[in-house]
Protein chains: 2
Amino acid sequence: MRLSTKGRYAVTAMMDIALHERVGPVTLADISQCQGISLSYLEQLFAKLRKGGLVEGVRGPGGGYRLARPADQISVADIIQSVDEKLDMTKCGGKGNCSQGEKCLTHQLWFELSCNLYRFLSGIKLDQYVNRPDISELVKKQDIQYGRFLNRPQAIA
Amino acid sequence: MRLSTKGRYAVTAMMDIALHERVGPVTLADISQCQGISLSYLEQLFAKLRKGGLVEGVRGPGGGYRLARPADQISVADIIQSVDEKLDMTKCGGKGNCSQGEKCLTHQLWFELSCNLYRFLSGIKLDQYVNRPDISELVKKQDIQYGRFLNRPQAIA
DNA sequence: ATAATTCCTGACTAAATTAGTCGGGAATTA
DNA sequence: TAATTCCCGACTAATTTAGTCAGGAATTAT
C-alpha cells in the first residue's frame with residue numbers, strides 16, 4: 001500500500017462530497033477552489049474513483065459528483081486503493097516467491113503489516129466524519145466563506 | 001507519514017541486521033546482495049539511519065552495521081521516520097492552520113489517521129520477527145545460499 | 001435551438017521523489 | 001602495508017506526482 005499526498009487529495013475530495021451529500025452533487029471546480037487542488041488533477045483522480053465505483057458523475061448545470069454508495073460503505077482504504085492501485089507492501093505481491101521462488105526474509109513482516117494496515121484503513125468510513133458536530137461546524141464556515149451552494153435551499157437548513 | 005518502497009528497503013535492511021545481531025556487524029555489501037538493493041542506495045539510506053540513531057557503523061574488515069540499541073526498542077515507525085522524514089499526514093504539519101488560519105475540513109481525519117497509524121507502526125518492534133521460528137528457518141536457508149558468515153562460528157550455532 | 005455548465009478524455013509538461021552510479025576518502029583490521 | 005569497510009558528495013536516470021491544455025459529450029436553463 002502506498003500512502004502519499006495523492007491519496008490525501010483523493011480522500012479530501014471524497015470527504016468534501018460526503019459532507020455535502022444532502023445538498024446534492026458537488027462540482028470539481030468547487031472542490032478545487034475550496035480544498036486547493038488543481039482542477040485538472042482532480043479530474044484525473046476522479047476518473048479513477050469513477051472506475052473504482054466510488055462516485056458517479058452528473059453532467060450539466062447543477063451537476064457534479066456524488067457518492068455511488070452510502071457514506072458508511074466507503075472507507076479510506078477504498079479511496080486510497082482506487083487512486084494508488086496497490087494493496088499490499090510485499091515485493092512479490094503476496095505470492096511468496098520474492099527470493100528465488102521462496103519467501104524472502106521480510107515477507108512475513110510486509111504481509112502482516114499490509115493486513116493490519118488494510119484492516120485499520122478500511123475501518124474508517126466517510127460517515128464517521130459526516131456525523132461529527134465539530135466537522136459540520138467547519139463545513140458551514142467554509143461554505144459561507146466560499147459562497148457555496150447559495151442557490152440550494154438544503155444548504156442553509 | 002509517507003509509506004513507500006523506500007521505507008520498505010530501510011526496514012528490510014534493518015531486519016537483516018537484527019536477524020544477525022548475535023553474529024556481529026552486517027556489511028552493506030551483504031545486504032545489497034541478499035536483499036537485492038543497490039549498494040550505493042543502501043549507503044544513502046544508512047546515512048539517514050545513522051543520523052536517526054538507529055544503527056552504528058563499524059569500519060574495517062569484519063565491520064559493517066549493527067543496531068544502536070536493542071531490537072525490542074526499534075520499531076518500524078522509527079525506521080520509516082528516519083528515512084521518510086514526515087510523521088503526520090496533515091497538510092499543515094499538525095498546526096491546524098491549513099485553511100486561512102483555520103483547520104481545513106479534513107484536518108481531523110488526517111490527524112487521527114496519523115495518530116493511529118503511528119501507534120500501530122510503533123507497536124511493531126524488530127525483535128518480534130527475530131524470535132519467530134519460521135523466520136529463523138528462512139534466515140538460515142538464505143545465509144547458506146549466499147555463503148554468508150562462513151568465517152564466524154556463531155553463525156552455525 | 002442556443003448557450004451555459006459540467007463532466008469526460010487524452011496528450012503533454014514540470015516538478016519532485018526514488019533509485020542508482022561514480023569516484024574518492026577515512027578508519028580499522030590483519 | 002594492504003585489504004576491507006564505512007563514509008561522503010556530486011551526478012544521472014527512472015518513476016511518480018502534480019499540473020496544464022485543448023477539446024468533446026451530456027445535460028440543464030433560457
# chains A, B, ... in the order shown; residues from 1 in each chain; ligands from 1
call {"tool": "residues_around", "arguments": {"residues": "stretch 67-81 of chain B", "least_positions_apart": "2", "cutoff": "7 Å", "atoms": "only C-alpha atoms (C1' of nucleotides)", "output": "JSON, numbers by chain"}}
result
{"B": [7, 10, 11, 18, 53, 54, 55, 56, 65, 83, 84, 85, 86, 87, 118, 121, 122, 123, 124, 125, 126, 127]}
call {"tool": "interface_residues", "arguments": {"of": "chain A", "to": "chain D", "cutoff": "10 Å", "atoms": "only C-alpha atoms (C1' of nucleotides)", "output": "list of chain:residue names"}}
result
A:Ser4, A:Thr5, A:Lys6, A:Ile37, A:Ser38, A:Leu39, A:Ser40, A:Tyr41, A:Val58, A:Arg59, A:Gly60, A:Pro61, A:Gly62, A:Gly63
call {"tool": "interface_residues", "arguments": {"of": "chain C", "to": "chain B", "cutoff": "10 Å", "atoms": "only C-alpha atoms (C1' of nucleotides)", "output": "ChimeraX atom specification"}}
result
/C:18-22,26-30
call {"tool": "write_last_selection", "arguments": {"atoms": "N, CA, C and O atoms (P, O5', C5', C4', C3', O3' and C1' of nucleotides)", "output": "CSV table (one decimal), in the first residue's frame"}}
result
chain,number,residue,atom,x,y,z
C,18,DT,P,10.4,9.5,-1.8
C,18,DT,O5',11.0,8.5,-2.9
C,18,DT,C5',10.1,8.0,-3.9
C,18,DT,C4',11.0,7.1,-4.8
C,18,DT,C3',11.9,6.1,-4.1
C,18,DT,O3',11.7,4.9,-4.7
C,18,DT,C1',13.1,7.4,-5.8
C,19,DA,P,12.4,3.6,-4.2
C,19,DA,O5',13.7,3.5,-5.1
C,19,DA,C5',13.5,3.3,-6.5
C,19,DA,C4',14.8,3.4,-7.2
C,19,DA,C3',16.0,2.6,-6.6
C,19,DA,O3',16.2,1.5,-7.5
C,19,DA,C1',16.7,4.7,-7.3
C,20,DG,P,17.4,0.5,-7.2
C,20,DG,O5',18.7,1.2,-7.9
C,20,DG,C5',18.5,1.5,-9.3
C,20,DG,C4',19.7,2.3,-9.7
C,20,DG,C3',21.1,1.7,-9.3
C,20,DG,O3',21.8,1.4,-10.5
C,20,DG,C1',21.1,4.0,-8.9
C,21,DT,P,23.3,0.8,-10.4
C,21,DT,O5',24.2,2.1,-10.6
C,21,DT,C5',23.9,2.9,-11.7
C,21,DT,C4',25.0,4.0,-11.8
C,21,DT,C3',26.4,3.4,-11.7
C,21,DT,O3',27.1,3.8,-12.8
C,21,DT,C1',26.1,5.4,-10.3
C,22,DC,P,28.6,3.2,-13.1
C,22,DC,O5',29.5,4.2,-12.4
C,22,DC,C5',29.4,5.6,-12.8
C,22,DC,C4',30.3,6.5,-11.9
C,22,DC,C3',31.6,5.9,-11.6
C,22,DC,O3',32.6,6.7,-12.3
C,22,DC,C1',30.6,7.0,-9.7
C,26,DA,P,40.8,11.6,3.9
C,26,DA,O5',40.0,10.7,4.8
C,26,DA,C5',38.8,11.1,5.4
C,26,DA,C4',38.3,10.1,6.5
C,26,DA,C3',39.4,9.7,7.5
C,26,DA,O3',38.8,9.6,8.7
C,26,DA,C1',38.8,7.8,6.3
C,27,DA,P,39.7,9.4,10.0
C,27,DA,O5',39.4,7.9,10.5
C,27,DA,C5',38.1,7.6,10.9
C,27,DA,C4',38.0,6.1,10.9
C,27,DA,C3',38.9,5.4,11.9
C,27,DA,O3',38.1,4.6,12.7
C,27,DA,C1',39.1,4.3,9.8
C,28,DT,P,38.6,4.0,14.2
C,28,DT,O5',39.0,2.5,13.8
C,28,DT,C5',38.0,1.7,13.3
C,28,DT,C4',38.6,0.5,12.6
C,28,DT,C3',39.5,-0.3,13.4
C,28,DT,O3',38.8,-1.5,13.8
C,28,DT,C1',40.1,-0.2,11.1
C,29,DT,P,39.5,-2.5,14.9
C,29,DT,O5',40.1,-3.6,14.0
C,29,DT,C5',39.2,-4.3,13.1
C,29,DT,C4',40.0,-5.1,12.1
C,29,DT,C3',41.0,-6.1,12.8
C,29,DT,O3',40.6,-7.4,12.4
C,29,DT,C1',42.0,-4.9,11.0
C,30,DA,P,41.5,-8.7,13.0
C,30,DA,O5',42.5,-8.9,11.8
C,30,DA,C5',41.9,-9.1,10.5
C,30,DA,C4',43.1,-9.5,9.5
C,30,DA,C3',44.1,-10.5,10.1
C,30,DA,O3',44.5,-11.4,9.1
C,30,DA,C1',45.2,-8.5,9.5
call {"tool": "select_by_dssp", "arguments": {"residues": "chain B", "states": "strand (DSSP E)", "output": "PyMOL selection string"}}
result
chain B and resi 55-58+64-67
call {"tool": "write_last_selection", "arguments": {"atoms": "N, CA and C atoms", "output": "short mmCIF file (atom, residue, chain, number, x, y, z; two decimals), in the first residue's frame"}}
result
data_model
loop_
_atom_site.label_atom_id
_atom_site.label_comp_id
_atom_site.auth_asym_id
_atom_site.auth_seq_id
_atom_site.Cartn_x
_atom_site.Cartn_y
_atom_site.Cartn_z
N VAL B 55 21.40 2.91 13.94
CA VAL B 55 22.49 1.97 13.69
C VAL B 55 23.84 2.63 13.97
N GLU B 56 24.84 1.77 14.14
CA GLU B 56 26.22 2.24 14.28
C GLU B 56 27.06 1.55 13.21
N GLY B 57 27.91 2.32 12.57
CA GLY B 57 28.83 1.74 11.60
C GLY B 57 30.10 1.27 12.27
N VAL B 58 30.61 0.15 11.80
CA VAL B 58 31.90 -0.36 12.30
C VAL B 58 32.80 -0.51 11.09
N GLY B 64 30.88 -3.47 9.52
CA GLY B 64 29.54 -3.46 8.96
C GLY B 64 28.66 -2.55 9.80
N TYR B 65 27.39 -2.87 9.83
CA TYR B 65 26.48 -2.09 10.66
C TYR B 65 25.87 -2.98 11.72
N ARG B 66 25.62 -2.38 12.89
CA ARG B 66 24.84 -3.09 13.91
C ARG B 66 23.83 -2.13 14.53
N LEU B 67 22.85 -2.69 15.19
CA LEU B 67 21.81 -1.87 15.80
C LEU B 67 22.42 -1.01 16.92
#
call {"tool": "residues_around", "arguments": {"residues": "A:Lys95", "least_positions_apart": "6", "cutoff": "12 Å", "atoms": "only C-alpha atoms (C1' of nucleotides)", "output": "list in words"}}
result
Asp88, Met89, Gly101, Glu102, Lys103, Cys104, His107, Gln108 and Phe111 of chain A
call {"tool": "write_last_selection", "arguments": {"atoms": "N, CA and C atoms", "output": "compact mmCIF listing (two decimals), in the first residue's frame"}}
result
# COMPACT_ATOMS: atom_id res chain seq x y z
N ASP A 88 -1.02 -4.24 -1.20
CA ASP A 88 -0.07 -4.82 -0.24
C ASP A 88 1.35 -4.31 -0.46
N MET A 89 2.16 -4.44 0.56
CA MET A 89 3.51 -3.91 0.52
C MET A 89 4.57 -4.98 0.28
N GLY A 101 11.95 -18.02 -5.67
CA GLY A 101 10.82 -18.91 -5.50
C GLY A 101 10.38 -19.09 -4.06
N GLU A 102 11.27 -18.74 -3.12
CA GLU A 102 10.92 -18.86 -1.71
C GLU A 102 10.50 -17.48 -1.18
N LYS A 103 9.93 -17.49 0.01
CA LYS A 103 9.62 -16.22 0.66
C LYS A 103 10.92 -15.55 1.08
N CYS A 104 10.97 -14.23 0.92
CA CYS A 104 12.15 -13.51 1.38
C CYS A 104 12.04 -13.30 2.89
N HIS A 107 9.14 -11.16 4.05
CA HIS A 107 7.80 -11.39 3.50
C HIS A 107 6.73 -11.34 4.59
N GLN A 108 6.99 -12.08 5.65
CA GLN A 108 6.04 -12.12 6.76
C GLN A 108 5.72 -10.74 7.30
N PHE A 111 3.62 -8.78 4.84
CA PHE A 111 2.30 -9.37 4.73
C PHE A 111 1.43 -8.97 5.92
call {"tool": "closest_atom_pairs", "arguments": {"of": "chain A", "to": "chain B", "cutoff": "7 Å", "atoms": "only C-alpha atoms", "output": "Markdown table"}}
result
| residue | atom | partner | partner_atom | distance |
| --- | --- | --- | --- | --- |
| A:Arg2 | CA | B:Ser4 | CA | 5.4 |
| A:Leu3 | CA | B:Leu3 | CA | 4.9 |
| A:Ser4 | CA | B:Arg2 | CA | 5.4 |
| A:Thr12 | CA | B:Thr106 | CA | 6.1 |
| A:Leu105 | CA | B:Leu138 | CA | 6.3 |
| A:Thr106 | CA | B:Thr12 | CA | 6.1 |
| A:Ile135 | CA | B:Leu105 | CA | 6.7 |
| A:Leu138 | CA | B:Leu105 | CA | 6.3 |
| A:Val139 | CA | B:Leu105 | CA | 6.5 |
call {"tool": "write_last_selection", "arguments": {"atoms": "all heavy atoms", "output": "JSON list (two decimals), in the first residue's frame"}}
result
[["chain", "number", "residue", "atom", "x", "y", "z"],
["A", 2, "ARG", "N", 0.61, 2.09, -0.94],
["A", 2, "ARG", "CA", 1.32, 3.37, -0.99],
["A", 2, "ARG", "C", 0.47, 4.38, -0.25],
["A", 2, "ARG", "O", -0.75, 4.41, -0.37],
["A", 2, "ARG", "CB", 1.52, 3.80, -2.44],
["A", 2, "ARG", "CG", 2.83, 4.51, -2.69],
["A", 2, "ARG", "CD", 2.99, 4.83, -4.15],
["A", 2, "ARG", "NE", 3.19, 3.64, -4.95],
["A", 2, "ARG", "CZ", 2.54, 3.38, -6.09],
["A", 2, "ARG", "NH1", 1.66, 4.21, -6.56],
["A", 2, "ARG", "NH2", 2.79, 2.28, -6.76],
["A", 3, "LEU", "N", 1.13, 5.22, 0.53],
["A", 3, "LEU", "CA", 0.40, 6.23, 1.30],
["A", 3, "LEU", "C", 1.10, 7.56, 1.08],
["A", 3, "LEU", "O", 2.14, 7.83, 1.66],
["A", 3, "LEU", "CB", 0.39, 5.84, 2.78],
["A", 3, "LEU", "CG", -0.86, 6.17, 3.56],
["A", 3, "LEU", "CD1", -2.11, 5.78, 2.82],
["A", 3, "LEU", "CD2", -0.84, 5.52, 4.91],
["A", 4, "SER", "N", 0.52, 8.37, 0.17],
["A", 4, "SER", "CA", 1.18, 9.63, -0.19],
["A", 4, "SER", "C", 0.15, 10.74, -0.25],
["A", 4, "SER", "O", -1.01, 10.56, 0.09],
["A", 4, "SER", "CB", 1.86, 9.48, -1.54],
["A", 4, "SER", "OG", 0.89, 9.29, -2.55],
["A", 12, "THR", "N", -9.54, 13.74, 0.68],
["A", 12, "THR", "CA", -10.04, 15.08, 0.97],
["A", 12, "THR", "C", -11.22, 15.41, 0.05],
["A", 12, "THR", "O", -12.27, 15.89, 0.52],
["A", 12, "THR", "CB", -8.93, 16.12, 0.74],
["A", 12, "THR", "OG1", -7.87, 15.86, 1.64],
["A", 12, "THR", "CG2", -9.46, 17.54, 0.98],
["A", 105, "LEU", "N", 13.12, -12.87, 3.49],
["A", 105, "LEU", "CA", 13.18, -12.71, 4.95],
["A", 105, "LEU", "C", 12.05, -11.86, 5.49],
["A", 105, "LEU", "O", 11.52, -12.10, 6.56],
["A", 105, "LEU", "CB", 14.50, -12.03, 5.35],
["A", 105, "LEU", "CG", 15.78, -12.86, 5.27],
["A", 105, "LEU", "CD1", 16.90, -12.09, 5.92],
["A", 105, "LEU", "CD2", 15.58, -14.21, 5.93],
["A", 106, "THR", "N", 11.72, -10.83, 4.74],
["A", 106, "THR", "CA", 10.77, -9.86, 5.27],
["A", 106, "THR", "C", 9.35, -10.05, 4.73],
["A", 106, "THR", "O", 8.49, -9.22, 4.97],
["A", 106, "THR", "CB", 11.26, -8.44, 4.94],
["A", 106, "THR", "OG1", 11.61, -8.39, 3.56],
["A", 106, "THR", "CG2", 12.44, -8.07, 5.77],
["A", 135, "ILE", "N", -16.96, 18.88, 12.86],
["A", 135, "ILE", "CA", -16.70, 18.93, 11.42],
["A", 135, "ILE", "C", -17.81, 19.70, 10.72],
["A", 135, "ILE", "O", -17.55, 20.56, 9.87],
["A", 135, "ILE", "CB", -16.60, 17.50, 10.84],
["A", 135, "ILE", "CG1", -15.52, 16.68, 11.56],
["A", 135, "ILE", "CG2", -16.35, 17.57, 9.34],
["A", 135, "ILE", "CD1", -14.15, 16.78, 11.01],
["A", 138, "LEU", "N", -17.25, 23.31, 10.83],
["A", 138, "LEU", "CA", -16.22, 23.75, 9.89],
["A", 138, "LEU", "C", -16.78, 23.84, 8.47],
["A", 138, "LEU", "O", -16.49, 24.79, 7.74],
["A", 138, "LEU", "CB", -15.04, 22.78, 9.90],
["A", 138, "LEU", "CG", -14.06, 22.91, 11.05],
["A", 138, "LEU", "CD1", -13.06, 21.76, 11.03],
["A", 138, "LEU", "CD2", -13.32, 24.24, 10.94],
["A", 139, "VAL", "N", -17.57, 22.84, 8.10],
["A", 139, "VAL", "CA", -18.16, 22.82, 6.76],
["A", 139, "VAL", "C", -18.97, 24.08, 6.53],
["A", 139, "VAL", "O", -18.82, 24.77, 5.51],
["A", 139, "VAL", "CB", -19.07, 21.59, 6.57],
["A", 139, "VAL", "CG1", -19.70, 21.60, 5.19],
["A", 139, "VAL", "CG2", -18.29, 20.32, 6.76]]
call {"tool": "select_by_dssp", "arguments": {"residues": "stretch 10-77 of chain B", "states": "helix (DSSP H, G or I)", "output": "VMD selection string"}}
result
chain B and resid 10 to 19 28 to 35 39 to 51 71 to 73 76 to 77
call {"tool": "atom_distance", "arguments": {"atom1": "atom CA of A:Met14", "atom2": "atom CA of A:Tyr146"}}
result
18.2 Å
call {"tool": "decode", "arguments": {"residues": "stretch 2-30 of chain C", "atoms": "N, CA, C and O atoms (P, O5', C5', C4', C3', O3' and C1' of nucleotides)", "output": "compact mmCIF listing (two decimals), in the first residue's frame"}}
result
# COMPACT_ATOMS: atom_id res chain seq x y z
P DT C 2 -29.64 27.42 -33.45
O5' DT C 2 -29.19 27.96 -32.03
C5' DT C 2 -29.97 28.97 -31.40
C4' DT C 2 -29.37 29.29 -30.06
C3' DT C 2 -27.84 29.14 -29.97
O3' DT C 2 -27.32 30.35 -29.48
C1' DT C 2 -28.91 28.01 -28.17
P DA C 3 -25.76 30.58 -29.36
O5' DA C 3 -25.60 30.62 -27.78
C5' DA C 3 -26.56 31.33 -26.99
C4' DA C 3 -26.35 30.99 -25.54
C3' DA C 3 -24.87 30.92 -25.13
O3' DA C 3 -24.75 31.57 -23.87
C1' DA C 3 -25.94 28.90 -24.59
P DA C 4 -23.31 31.86 -23.25
O5' DA C 4 -23.38 31.00 -21.91
C5' DA C 4 -24.51 31.14 -21.06
C4' DA C 4 -24.53 29.99 -20.07
C3' DA C 4 -23.18 29.73 -19.40
O3' DA C 4 -23.36 29.73 -18.00
C1' DA C 4 -24.07 27.73 -20.31
P DT C 5 -22.12 29.59 -17.01
O5' DT C 5 -22.17 28.05 -16.60
C5' DT C 5 -23.37 27.53 -16.04
C4' DT C 5 -23.29 26.03 -16.01
C3' DT C 5 -22.05 25.47 -15.31
O3' DT C 5 -22.49 24.69 -14.22
C1' DT C 5 -22.47 24.33 -17.35
P DT C 6 -21.62 24.46 -12.92
O5' DT C 6 -20.89 23.08 -13.25
C5' DT C 6 -21.62 21.88 -13.19
C4' DT C 6 -21.03 20.85 -14.12
C3' DT C 6 -19.58 20.46 -13.83
O3' DT C 6 -19.53 19.32 -12.99
C1' DT C 6 -20.18 20.42 -16.14
P DC C 7 -18.10 18.61 -12.62
O5' DC C 7 -18.17 17.29 -13.51
C5' DC C 7 -19.31 16.45 -13.43
C4' DC C 7 -19.44 15.65 -14.73
C3' DC C 7 -18.41 14.54 -14.89
O3' DC C 7 -19.07 13.40 -15.44
C1' DC C 7 -18.28 16.01 -16.73
P DC C 8 -18.34 11.99 -15.42
O5' DC C 8 -17.32 12.13 -16.63
C5' DC C 8 -17.75 11.77 -17.96
C4' DC C 8 -16.63 12.05 -18.94
C3' DC C 8 -15.33 11.28 -18.72
O3' DC C 8 -15.30 10.23 -19.66
C1' DC C 8 -15.00 13.49 -19.53
P DT C 9 -14.27 9.06 -19.58
O5' DT C 9 -13.14 9.52 -20.58
C5' DT C 9 -13.50 10.03 -21.88
C4' DT C 9 -12.29 10.63 -22.53
C3' DT C 9 -10.96 9.98 -22.18
O3' DT C 9 -10.55 9.21 -23.29
C1' DT C 9 -10.81 12.36 -22.37
P DG C 10 -9.28 8.22 -23.17
O5' DG C 10 -8.14 9.14 -23.80
C5' DG C 10 -8.37 9.81 -25.04
C4' DG C 10 -7.22 10.75 -25.32
C3' DG C 10 -5.85 10.19 -24.97
O3' DG C 10 -4.96 10.42 -26.06
C1' DG C 10 -6.14 12.29 -23.95
P DA C 11 -3.50 9.73 -26.06
O5' DA C 11 -2.58 10.99 -26.31
C5' DA C 11 -3.04 12.06 -27.14
C4' DA C 11 -2.28 13.31 -26.76
C3' DA C 11 -0.80 13.06 -26.48
O3' DA C 11 0.00 14.01 -27.16
C1' DA C 11 -1.81 14.23 -24.69
P DC C 12 1.59 13.78 -27.23
O5' DC C 12 2.15 14.96 -26.34
C5' DC C 12 1.61 16.28 -26.49
C4' DC C 12 1.84 17.08 -25.23
C3' DC C 12 3.26 16.98 -24.66
O3' DC C 12 4.00 18.15 -25.00
C1' DC C 12 1.55 16.98 -22.96
P DT C 13 5.57 18.24 -24.55
O5' DT C 13 5.49 18.90 -23.11
C5' DT C 13 4.79 20.14 -22.93
C4' DT C 13 4.90 20.55 -21.48
C3' DT C 13 6.33 20.55 -20.91
O3' DT C 13 6.56 21.83 -20.34
C1' DT C 13 4.86 19.37 -19.48
P DA C 14 7.99 22.17 -19.67
O5' DA C 14 7.70 21.95 -18.13
C5' DA C 14 6.66 22.68 -17.50
C4' DA C 14 6.67 22.37 -16.01
C3' DA C 14 8.06 22.41 -15.38
O3' DA C 14 7.93 23.07 -14.14
C1' DA C 14 7.06 20.30 -15.00
P DA C 15 9.22 23.51 -13.29
O5' DA C 15 9.07 22.65 -11.96
C5' DA C 15 7.82 22.64 -11.28
C4' DA C 15 7.79 21.43 -10.38
C3' DA C 15 9.02 21.29 -9.49
O3' DA C 15 8.54 21.29 -8.16
C1' DA C 15 8.46 19.22 -10.52
P DA C 16 9.58 21.34 -6.91
O5' DA C 16 9.49 19.86 -6.35
C5' DA C 16 8.21 19.28 -6.15
C4' DA C 16 8.37 17.79 -5.99
C3' DA C 16 9.49 17.39 -5.02
O3' DA C 16 8.87 16.66 -3.98
C1' DA C 16 9.55 16.09 -7.02
P DT C 17 9.72 16.17 -2.69
O5' DT C 17 9.91 14.61 -3.01
C5' DT C 17 8.78 13.86 -3.44
C4' DT C 17 9.24 12.54 -3.99
C3' DT C 17 10.25 11.80 -3.08
O3' DT C 17 9.64 10.57 -2.73
C1' DT C 17 10.90 11.74 -5.38
P DT C 18 10.36 9.51 -1.79
O5' DT C 18 10.99 8.52 -2.87
C5' DT C 18 10.15 7.95 -3.87
C4' DT C 18 10.97 7.13 -4.81
C3' DT C 18 11.93 6.15 -4.14
O3' DT C 18 11.66 4.87 -4.70
C1' DT C 18 13.07 7.42 -5.79
P DA C 19 12.43 3.58 -4.15
O5' DA C 19 13.71 3.52 -5.08
C5' DA C 19 13.51 3.30 -6.49
C4' DA C 19 14.82 3.42 -7.20
C3' DA C 19 15.95 2.59 -6.60
O3' DA C 19 16.23 1.54 -7.51
C1' DA C 19 16.69 4.74 -7.31
P DG C 20 17.39 0.49 -7.20
O5' DG C 20 18.65 1.17 -7.90
C5' DG C 20 18.54 1.54 -9.28
C4' DG C 20 19.75 2.34 -9.66
C3' DG C 20 21.09 1.70 -9.31
O3' DG C 20 21.78 1.43 -10.51
C1' DG C 20 21.07 4.02 -8.89
P DT C 21 23.28 0.78 -10.40
O5' DT C 21 24.18 2.06 -10.65
C5' DT C 21 23.87 2.94 -11.72
C4' DT C 21 24.97 3.98 -11.85
C3' DT C 21 26.39 3.44 -11.67
O3' DT C 21 27.14 3.80 -12.83
C1' DT C 21 26.06 5.38 -10.34
P DC C 22 28.60 3.16 -13.06
O5' DC C 22 29.54 4.24 -12.38
C5' DC C 22 29.39 5.60 -12.77
C4' DC C 22 30.26 6.50 -11.92
C3' DC C 22 31.64 5.93 -11.57
O3' DC C 22 32.61 6.68 -12.25
C1' DC C 22 30.61 7.05 -9.72
P DG C 23 34.13 6.16 -12.26
O5' DG C 23 34.78 7.10 -11.16
C5' DG C 23 34.48 8.49 -11.15
C4' DG C 23 35.07 9.12 -9.91
C3' DG C 23 36.40 8.47 -9.48
O3' DG C 23 37.33 9.50 -9.18
C1' DG C 23 34.88 8.47 -7.68
P DG C 24 38.91 9.13 -8.95
O5' DG C 24 39.02 9.33 -7.36
C5' DG C 24 38.66 10.58 -6.85
C4' DG C 24 38.19 10.41 -5.43
C3' DG C 24 39.29 9.99 -4.44
O3' DG C 24 39.74 11.14 -3.75
C1' DG C 24 37.12 9.10 -3.96
P DG C 25 41.09 11.06 -2.87
O5' DG C 25 40.55 10.97 -1.38
C5' DG C 25 39.66 11.98 -0.90
C4' DG C 25 39.03 11.51 0.38
C3' DG C 25 40.06 11.08 1.43
O3' DG C 25 39.82 11.80 2.64
C1' DG C 25 38.38 9.42 1.16
P DA C 26 40.82 11.63 3.87
O5' DA C 26 40.00 10.67 4.84
C5' DA C 26 38.78 11.13 5.43
C4' DA C 26 38.34 10.10 6.47
C3' DA C 26 39.43 9.74 7.48
O3' DA C 26 38.83 9.56 8.75
C1' DA C 26 38.77 7.80 6.30
P DA C 27 39.72 9.43 10.05
O5' DA C 27 39.43 7.91 10.46
C5' DA C 27 38.13 7.57 10.91
C4' DA C 27 38.00 6.06 10.94
C3' DA C 27 38.91 5.36 11.93
O3' DA C 27 38.08 4.56 12.74
C1' DA C 27 39.06 4.34 9.79
P DT C 28 38.62 4.01 14.16
O5' DT C 28 38.99 2.51 13.79
C5' DT C 28 37.96 1.67 13.27
C4' DT C 28 38.56 0.50 12.56
C3' DT C 28 39.54 -0.33 13.39
O3' DT C 28 38.85 -1.49 13.80
C1' DT C 28 40.15 -0.17 11.09
P DT C 29 39.46 -2.47 14.91
O5' DT C 29 40.06 -3.64 14.00
C5' DT C 29 39.18 -4.34 13.11
C4' DT C 29 40.00 -5.13 12.13
C3' DT C 29 41.01 -6.09 12.77
O3' DT C 29 40.64 -7.41 12.40
C1' DT C 29 41.98 -4.87 10.96
P DA C 30 41.46 -8.65 12.97
O5' DA C 30 42.45 -8.95 11.76
C5' DA C 30 41.93 -9.15 10.46
C4' DA C 30 43.07 -9.49 9.52
C3' DA C 30 44.08 -10.47 10.09
O3' DA C 30 44.49 -11.35 9.05
C1' DA C 30 45.18 -8.45 9.54
